[in-house]
Amino acid sequence: MRVLGIDPGLASVGWGIVESKQNRLSHIARGTIKTASKESTTYRLKQIYQEIQTIIQEYKPDEAALETLYFAKNITSALPVAQARGVQILACADGGLPIGEYTPLEIKQAVVGNGRAQKHQVEHMVYILLGLREKEKSDHATDALAAAICHINRGGAFCGIV
């Protein structure tokens with residue numbers, strides 16, 4: 001199974017492709033989609049949609065995994081990020097991918113074994129599990145890989161959207 005993990009955002013969307021074969025995880029690709037704040041929200045949403053569609057066409061994932069939104073501190077950014085997340089879900093659905101959605105707690109539990117793990121612990125385990133040596137410049141891409149690993153560990157999309 002090949003999974004596209006997405007760390008939702010508007011200014012910066014993390015993405016990562018993880019493959020599972022014979023109980024072994026492999027890193028395929030990762031990156032960040034960046035949009036310029038000077039552009040209109042409409043333009044930025046369209047850019048995110050198109051780039052996710054390109055990623056799906058290039059890497060041909062079987063399923064997708066997205067982190068759910070969590071806004072304990074910055075509620076003012078909730079609406080734009082929620083709009084972006086909706087576009088990201090639509091891009092995956094239009095690409096024919098079943099989608100799993102996971103809370104940050106679920107992702108931490110699946111990757112580290114502790115739902116209260118700190119960010120650096122999740123990052124460290126992602127690098128160990130995928131055999132990565134080169135540190136990613138963006139935390140968002142690492143978070144996307146963690147979402148993909150969580151999805152694989154949970155057995156794939158059980159409530160997916162197609």
# chains A, B, ... in the order shown; residues from 1 in each chain; ligands from 1
call {"tool": "residues_around", "arguments": {"residues": "Thr32 (chain A)", "least_positions_apart": "6", "cutoff": "12 Å", "atoms": "only C-alpha atoms", "output": "PyMOL selection string"}}
result
chain A and resi 5-17+48+51-52+55+136-145
call {"tool": "closest_residue", "arguments": {"among": "A:Leu90, A:Cys150, A:Ile56, A:Leu132", "to": "Gly115 (chain A)", "atoms": "only C-alpha atoms"}}
result
A:Cys150
call {"tool": "closest_residue", "arguments": {"among": "A:Leu97, A:Leu130, A:Ile149, A:Val3", "to": "His27 (chain A)", "atoms": "only C-alpha atoms"}}
result
A:Leu130
call {"tool": "select_by_dssp", "arguments": {"residues": "region 18-111 of chain A", "states": "alpha helix (DSSP H)", "output": "PyMOL selection string"}}
result
chain A and resi 41-59+78-94+104-111
call {"tool": "residues_around", "arguments": {"residues": "Pro104 (chain A)", "least_positions_apart": "6", "cutoff": "9 Å", "atoms": "only C-alpha atoms", "output": "list in words"}}
result
Glu67, Thr68, Leu69, Tyr70, Gly115 and Ala147 of chain A
call {"tool": "write_last_selection", "arguments": {"atoms": "all heavy atoms", "output": "JSON list (two decimals), in the first residue's frame"}}
result
[["chain", "number", "residue", "atom", "x", "y", "z"],
["A", 67, "GLU", "N", -4.20, 14.87, 8.78],
["A", 67, "GLU", "CA", -4.35, 15.21, 10.19],
["A", 67, "GLU", "C", -5.58, 16.08, 10.34],
["A", 67, "GLU", "O", -5.85, 16.95, 9.51],
["A", 67, "GLU", "CB", -3.10, 15.96, 10.66],
["A", 67, "GLU", "CG", -3.09, 16.26, 12.13],
["A", 67, "GLU", "CD", -1.79, 16.89, 12.61],
["A", 67, "GLU", "OE1", -0.72, 16.51, 12.10],
["A", 67, "GLU", "OE2", -1.87, 17.77, 13.48],
["A", 68, "THR", "N", -6.35, 15.83, 11.39],
["A", 68, "THR", "CA", -7.50, 16.69, 11.67],
["A", 68, "THR", "C", -6.99, 18.02, 12.23],
["A", 68, "THR", "O", -5.85, 18.12, 12.66],
["A", 68, "THR", "CB", -8.46, 16.05, 12.69],
["A", 68, "THR", "OG1", -7.75, 15.79, 13.90],
["A", 68, "THR", "CG2", -9.07, 14.77, 12.14],
["A", 69, "LEU", "N", -7.83, 19.02, 12.20],
["A", 69, "LEU", "CA", -7.42, 20.35, 12.67],
["A", 69, "LEU", "C", -7.50, 20.44, 14.19],
["A", 69, "LEU", "O", -8.40, 19.90, 14.81],
["A", 69, "LEU", "CB", -8.31, 21.42, 12.05],
["A", 69, "LEU", "CG", -8.26, 21.53, 10.53],
["A", 69, "LEU", "CD1", -9.14, 22.67, 10.06],
["A", 69, "LEU", "CD2", -6.84, 21.73, 10.05],
["A", 70, "TYR", "N", -6.54, 21.15, 14.73],
["A", 70, "TYR", "CA", -6.48, 21.37, 16.17],
["A", 70, "TYR", "C", -6.12, 22.83, 16.41],
["A", 70, "TYR", "O", -5.06, 23.28, 15.97],
["A", 70, "TYR", "CB", -5.43, 20.44, 16.79],
["A", 70, "TYR", "CG", -5.23, 20.68, 18.27],
["A", 70, "TYR", "CD1", -6.21, 20.31, 19.18],
["A", 70, "TYR", "CD2", -4.07, 21.26, 18.74],
["A", 70, "TYR", "CE1", -6.04, 20.52, 20.54],
["A", 70, "TYR", "CE2", -3.88, 21.48, 20.09],
["A", 70, "TYR", "CZ", -4.87, 21.10, 20.98],
["A", 70, "TYR", "OH", -4.68, 21.32, 22.32],
["A", 115, "GLY", "N", 0.52, 9.05, 22.91],
["A", 115, "GLY", "CA", -0.28, 10.13, 22.35],
["A", 115, "GLY", "C", 0.10, 11.51, 22.85],
["A", 115, "GLY", "O", -0.32, 12.51, 22.28],
["A", 147, "ALA", "N", 1.54, 11.15, 9.45],
["A", 147, "ALA", "CA", 0.14, 10.83, 9.16],
["A", 147, "ALA", "C", 0.04, 9.58, 8.28],
["A", 147, "ALA", "O", -0.82, 8.72, 8.49],
["A", 147, "ALA", "CB", -0.56, 12.02, 8.50]]
call {"tool": "select_by_dssp", "arguments": {"residues": "region 32-126 of chain A", "states": "strand (DSSP E or B)", "output": "ChimeraX atom specification"}}
result
/A:32-34,63-67,99-102
call {"tool": "write_last_selection", "arguments": {"atoms": "C-alpha atoms", "output": "short mmCIF file (atom, residue, chain, number, x, y, z; two decimals), in the first residue's frame"}}
result
data_model
loop_
_atom_site.label_atom_id
_atom_site.label_comp_id
_atom_site.auth_asym_id
_atom_site.auth_seq_id
_atom_site.Cartn_x
_atom_site.Cartn_y
_atom_site.Cartn_z
CA THR A 32 5.95 21.24 1.11
CA ILE A 33 3.45 23.21 -0.94
CA LYS A 34 3.91 26.89 -0.15
CA GLU A 63 -4.89 6.00 -0.17
CA ALA A 64 -4.50 9.30 1.68
CA ALA A 65 -4.17 10.31 5.33
CA LEU A 66 -4.81 13.77 6.76
CA GLU A 67 -4.35 15.21 10.19
CA ILE A 99 -9.08 8.99 2.98
CA GLY A 100 -8.28 8.38 6.62
CA GLU A 101 -8.41 11.27 9.08
CA TYR A 102 -6.45 11.23 12.34
#
call {"tool": "atom_distance", "arguments": {"atom1": "CA of Ile89 (chain A)", "atom2": "CA of Glu134 (chain A)"}}
result
28.9 Å
call {"tool": "closest_residue", "arguments": {"among": "A:Arg30, A:Met1, A:Leu45, A:His151", "to": "Arg85 (chain A)", "atoms": "only C-alpha atoms"}}
result
A:Leu45
